[in-house]
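Asker: What follows is a single structure, and I will ask about it in a moment.
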Amino acid sequence: MEITPDMLMHRMEMEVVEVTPTKSIIRMPVEGNRQTAGYLHGGATAALAETAGSFSANAHAQTLSEDSRAVGVELSIQHISSAKDGFVTATATAVHLGRTRCVHRVEITDEGGKTVSVALISNQIIRR
């Protein structure tokens, strides 16, 4: 997938590291994605989690048929600790890969491996 300037991923400087139906890894800098107190913004963290889960869900949808795609229908995220600098990494791991729905658990960690947030994302598989 090409990441173009009009995409949120581009604006937030997300980098795709790995994508499979069962696992995706996406990185993002804290710089440029902070809230007013100087910490990583919770909304930016949620966007990173949804991106990682959606990439894996779309990879799964493509294994079902070329005209299938995944669209997010639910995101739940718990913020555990903060990040002030460096990069955070989202690792999405499949919990369920079905014909009509996918669920991925996403752990977001800082560069030291400390958990920043944990999310659960559900994607619906639809036909284009």
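Residue numbering restarts at 1 in every chain; chains get A, B, ... in the order shown in the structure tokens, and ligands count up from 1 in that same order.
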Under the rule of at most 7 Å, produce a per-residue listing of segment 29-50 of chain A near segment 71-83 of chain A: chain, number, name, the closest pair of atoms, and the distance in Å, as a Markdown table, using only C-alpha atoms.
Answerer:
```
| residue | atom | partner | partner_atom | distance |
| --- | --- | --- | --- | --- |
| A:Tyr39 | CA | A:Ala83 | CA | 5.7 |
| A:Leu40 | CA | A:Ala83 | CA | 5.5 |
| A:Ala46 | CA | A:Ile77 | CA | 6.7 |
```
Asker: Output all heavy atoms for every residue in the selection just made, as a compact mmCIF listing (two decimals), in the first residue's frame.
Answerer:
```txt
# COMPACT_ATOMS: atom_id res chain seq x y z
N TYR A 39 3.49 14.98 26.49
CA TYR A 39 3.51 13.52 26.37
C TYR A 39 2.82 13.07 25.09
O TYR A 39 2.04 13.82 24.50
CB TYR A 39 2.80 12.89 27.57
CG TYR A 39 3.49 13.16 28.88
CD1 TYR A 39 3.01 14.15 29.73
CD2 TYR A 39 4.61 12.44 29.26
CE1 TYR A 39 3.63 14.42 30.94
CE2 TYR A 39 5.24 12.71 30.47
CZ TYR A 39 4.75 13.69 31.30
OH TYR A 39 5.38 13.96 32.49
N LEU A 40 3.08 11.84 24.69
CA LEU A 40 2.40 11.26 23.54
C LEU A 40 0.89 11.38 23.72
O LEU A 40 0.34 11.03 24.77
CB LEU A 40 2.80 9.78 23.40
CG LEU A 40 2.16 8.99 22.27
CD1 LEU A 40 2.53 9.56 20.91
CD2 LEU A 40 2.57 7.53 22.36
N ALA A 46 -4.08 5.87 19.82
CA ALA A 46 -5.23 5.12 19.31
C ALA A 46 -5.18 4.99 17.79
O ALA A 46 -5.48 3.93 17.24
CB ALA A 46 -6.54 5.79 19.75
```
Asker: Can you pull out every residue within 6 Å of segment 27-35 of chain A, counting only C-alpha atoms, but drop anything in the same chain fewer than 5 positions away, and send it as a ChimeraX atom specification?
Answerer: /A:13-15,40-41,85-89
Asker: Limited to C-alpha atoms, could you put the picked residues into a file as an mmCIF file, in the first residue's frame?
Answerer:
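selection22.cif, freshly written:
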```
data_model
loop_
_atom_site.group_PDB
_atom_site.id
_atom_site.type_symbol
_atom_site.label_atom_id
_atom_site.label_comp_id
_atom_site.auth_asym_id
_atom_site.auth_seq_id
_atom_site.Cartn_x
_atom_site.Cartn_y
_atom_site.Cartn_z
ATOM 1 C CA GLU A 13 5.039 9.843 10.274
ATOM 2 C CA MET A 14 4.045 6.198 10.810
ATOM 3 C CA GLU A 15 6.368 3.593 9.319
ATOM 4 C CA LEU A 40 2.402 11.256 23.538
ATOM 5 C CA HIS A 41 -1.237 12.101 22.738
ATOM 6 C CA ASP A 85 10.376 11.132 23.212
ATOM 7 C CA GLY A 86 11.765 8.622 20.744
ATOM 8 C CA PHE A 87 9.527 6.182 18.920
ATOM 9 C CA VAL A 88 6.615 3.983 19.943
ATOM 10 C CA THR A 89 5.919 0.682 18.222
#
```
Asker: From chain A, collect each residue whose DSSP state is alpha helix (DSSP H) and return the set as a list of chain:residue names.
Answerer: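 Residues meeting the alpha helix (DSSP H) criterion: A:Leu8, A:Met9, A:His10, A:Arg11, A:Gly42, A:Gly43, A:Ala44, A:Thr45, A:Ala46, A:Ala47, A:Leu48, A:Ala49, A:Glu50, A:Thr51, A:Ala52, A:Gly53, A:Ser54, A:Phe55, A:Ser56, A:Ala57, A:Asn58, A:Ala59, A:His60, A:Ala61, A:Gln62, A:Thr63, A:Leu64.
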Asker: Would you please give, as a ChimeraX atom specification, all residues of segment 21-108 of chain A that DSSP assigns to strand (DSSP E) based on the backbone?
Answerer: /A:23-29,68-79,87-97,101-108
Asker: Store the residues picked out above in a file with N, CA, C and O atoms, as a compact mmCIF listing (two decimals), in the first residue's frame.
Answerer:
```
# COMPACT_ATOMS: atom_id res chain seq x y z
N LYS A 23 0.10 -10.74 12.12
CA LYS A 23 0.94 -9.80 12.87
C LYS A 23 1.32 -8.60 12.01
O LYS A 23 1.72 -8.76 10.86
N SER A 24 1.20 -7.41 12.60
CA SER A 24 1.67 -6.18 11.96
C SER A 24 2.47 -5.38 12.97
O SER A 24 2.14 -5.37 14.16
N ILE A 25 3.49 -4.70 12.47
CA ILE A 25 4.30 -3.82 13.31
C ILE A 25 4.39 -2.47 12.62
O ILE A 25 4.79 -2.39 11.45
N ILE A 26 3.99 -1.41 13.33
CA ILE A 26 4.02 -0.04 12.82
C ILE A 26 4.71 0.84 13.87
O ILE A 26 4.39 0.74 15.05
N ARG A 27 5.63 1.69 13.43
CA ARG A 27 6.35 2.62 14.33
C ARG A 27 5.88 4.05 14.09
O ARG A 27 5.47 4.39 12.99
N MET A 28 6.03 4.87 15.14
CA MET A 28 5.64 6.28 15.02
C MET A 28 6.49 7.09 15.99
O MET A 28 6.71 6.68 17.14
N PRO A 29 6.96 8.28 15.57
CA PRO A 29 7.71 9.12 16.51
C PRO A 29 6.77 9.79 17.51
O PRO A 29 5.61 10.08 17.19
N SER A 68 -12.11 -8.22 -1.29
CA SER A 68 -12.48 -8.02 0.11
C SER A 68 -11.54 -7.01 0.76
O SER A 68 -10.38 -6.90 0.39
N ARG A 69 -12.08 -6.29 1.73
CA ARG A 69 -11.28 -5.35 2.50
C ARG A 69 -11.82 -5.31 3.92
O ARG A 69 -12.95 -5.73 4.17
N ALA A 70 -11.03 -4.80 4.82
CA ALA A 70 -11.44 -4.72 6.23
C ALA A 70 -11.68 -3.26 6.61
O ALA A 70 -10.94 -2.37 6.19
N VAL A 71 -12.72 -3.04 7.38
CA VAL A 71 -13.02 -1.70 7.89
C VAL A 71 -13.21 -1.79 9.40
O VAL A 71 -13.84 -2.71 9.90
N GLY A 72 -12.62 -0.84 10.12
CA GLY A 72 -12.70 -0.84 11.57
C GLY A 72 -14.12 -0.60 12.05
O GLY A 72 -14.81 0.28 11.55
N VAL A 73 -14.54 -1.39 13.06
CA VAL A 73 -15.87 -1.21 13.63
C VAL A 73 -15.83 -0.98 15.14
O VAL A 73 -16.80 -0.49 15.71
N GLU A 74 -14.70 -1.32 15.78
CA GLU A 74 -14.61 -1.08 17.22
C GLU A 74 -13.15 -1.00 17.63
O GLU A 74 -12.32 -1.77 17.16
N LEU A 75 -12.85 -0.06 18.52
CA LEU A 75 -11.51 0.08 19.08
C LEU A 75 -11.65 0.38 20.56
O LEU A 75 -12.38 1.29 20.96
N SER A 76 -10.95 -0.39 21.36
CA SER A 76 -10.89 -0.18 22.81
C SER A 76 -9.42 -0.07 23.18
O SER A 76 -8.62 -0.93 22.78
N ILE A 77 -9.04 0.97 23.91
CA ILE A 77 -7.63 1.17 24.24
C ILE A 77 -7.47 1.58 25.69
O ILE A 77 -8.27 2.36 26.21
N GLN A 78 -6.45 1.02 26.31
CA GLN A 78 -6.10 1.35 27.68
C GLN A 78 -4.70 1.96 27.67
O GLN A 78 -3.76 1.36 27.15
N HIS A 79 -4.57 3.16 28.22
CA HIS A 79 -3.27 3.81 28.30
C HIS A 79 -2.65 3.44 29.64
O HIS A 79 -3.22 3.72 30.69
N PHE A 87 10.56 6.83 19.72
CA PHE A 87 9.53 6.18 18.92
C PHE A 87 8.70 5.25 19.79
O PHE A 87 9.18 4.73 20.78
N VAL A 88 7.45 5.04 19.38
CA VAL A 88 6.61 3.98 19.94
C VAL A 88 6.31 3.00 18.81
O VAL A 88 6.26 3.38 17.64
N THR A 89 6.15 1.75 19.20
CA THR A 89 5.92 0.68 18.22
C THR A 89 4.65 -0.06 18.58
O THR A 89 4.47 -0.48 19.73
N ALA A 90 3.77 -0.22 17.60
CA ALA A 90 2.54 -0.98 17.77
C ALA A 90 2.72 -2.35 17.14
O ALA A 90 3.10 -2.45 15.97
N THR A 91 2.44 -3.39 17.91
CA THR A 91 2.48 -4.76 17.40
C THR A 91 1.09 -5.34 17.53
O THR A 91 0.57 -5.52 18.64
N ALA A 92 0.47 -5.60 16.38
CA ALA A 92 -0.89 -6.18 16.35
C ALA A 92 -0.76 -7.68 16.16
O ALA A 92 -0.05 -8.14 15.26
N THR A 93 -1.46 -8.43 17.01
CA THR A 93 -1.44 -9.89 16.94
C THR A 93 -2.88 -10.39 16.81
O THR A 93 -3.76 -9.96 17.57
N ALA A 94 -3.11 -11.30 15.88
CA ALA A 94 -4.46 -11.79 15.63
C ALA A 94 -5.00 -12.58 16.83
O ALA A 94 -4.30 -13.42 17.40
N VAL A 95 -6.24 -12.29 17.17
CA VAL A 95 -6.98 -13.03 18.18
C VAL A 95 -8.00 -13.91 17.46
O VAL A 95 -8.23 -15.06 17.84
N HIS A 96 -8.61 -13.37 16.38
CA HIS A 96 -9.62 -14.09 15.59
C HIS A 96 -9.54 -13.63 14.14
O HIS A 96 -9.55 -12.42 13.87
N LEU A 97 -9.45 -14.58 13.23
CA LEU A 97 -9.46 -14.28 11.79
C LEU A 97 -10.59 -15.06 11.14
O LEU A 97 -10.43 -16.24 10.81
N ARG A 101 -15.29 -11.15 10.20
CA ARG A 101 -14.78 -10.29 11.28
C ARG A 101 -13.39 -10.74 11.70
O ARG A 101 -13.10 -11.92 11.72
N CYS A 102 -12.55 -9.75 12.02
CA CYS A 102 -11.19 -9.99 12.55
C CYS A 102 -11.06 -9.24 13.87
O CYS A 102 -11.59 -8.15 14.00
N VAL A 103 -10.30 -9.82 14.78
CA VAL A 103 -9.98 -9.14 16.03
C VAL A 103 -8.47 -9.24 16.23
O VAL A 103 -7.89 -10.32 16.09
N HIS A 104 -7.86 -8.11 16.53
CA HIS A 104 -6.42 -8.06 16.81
C HIS A 104 -6.18 -7.36 18.15
O HIS A 104 -6.84 -6.38 18.46
N ARG A 105 -5.23 -7.89 18.90
CA ARG A 105 -4.76 -7.25 20.13
C ARG A 105 -3.52 -6.46 19.74
O ARG A 105 -2.64 -6.97 19.04
N VAL A 106 -3.44 -5.21 20.18
CA VAL A 106 -2.32 -4.34 19.81
C VAL A 106 -1.62 -3.88 21.09
O VAL A 106 -2.27 -3.30 21.97
N GLU A 107 -0.32 -4.14 21.16
CA GLU A 107 0.48 -3.62 22.27
C GLU A 107 1.39 -2.53 21.71
O GLU A 107 2.07 -2.73 20.71
N ILE A 108 1.38 -1.39 22.38
CA ILE A 108 2.23 -0.27 21.98
C ILE A 108 3.30 -0.11 23.05
O ILE A 108 2.97 0.01 24.24
```
Asker: How many Å lie between atom CA of His10 of chain A and atom CA of Thr100 of chain A, rounded to one decimal?
Answerer: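 According to the coordinates, atom CA of His10 of chain A and atom CA of Thr100 of chain A are separated by 28.7 Å.
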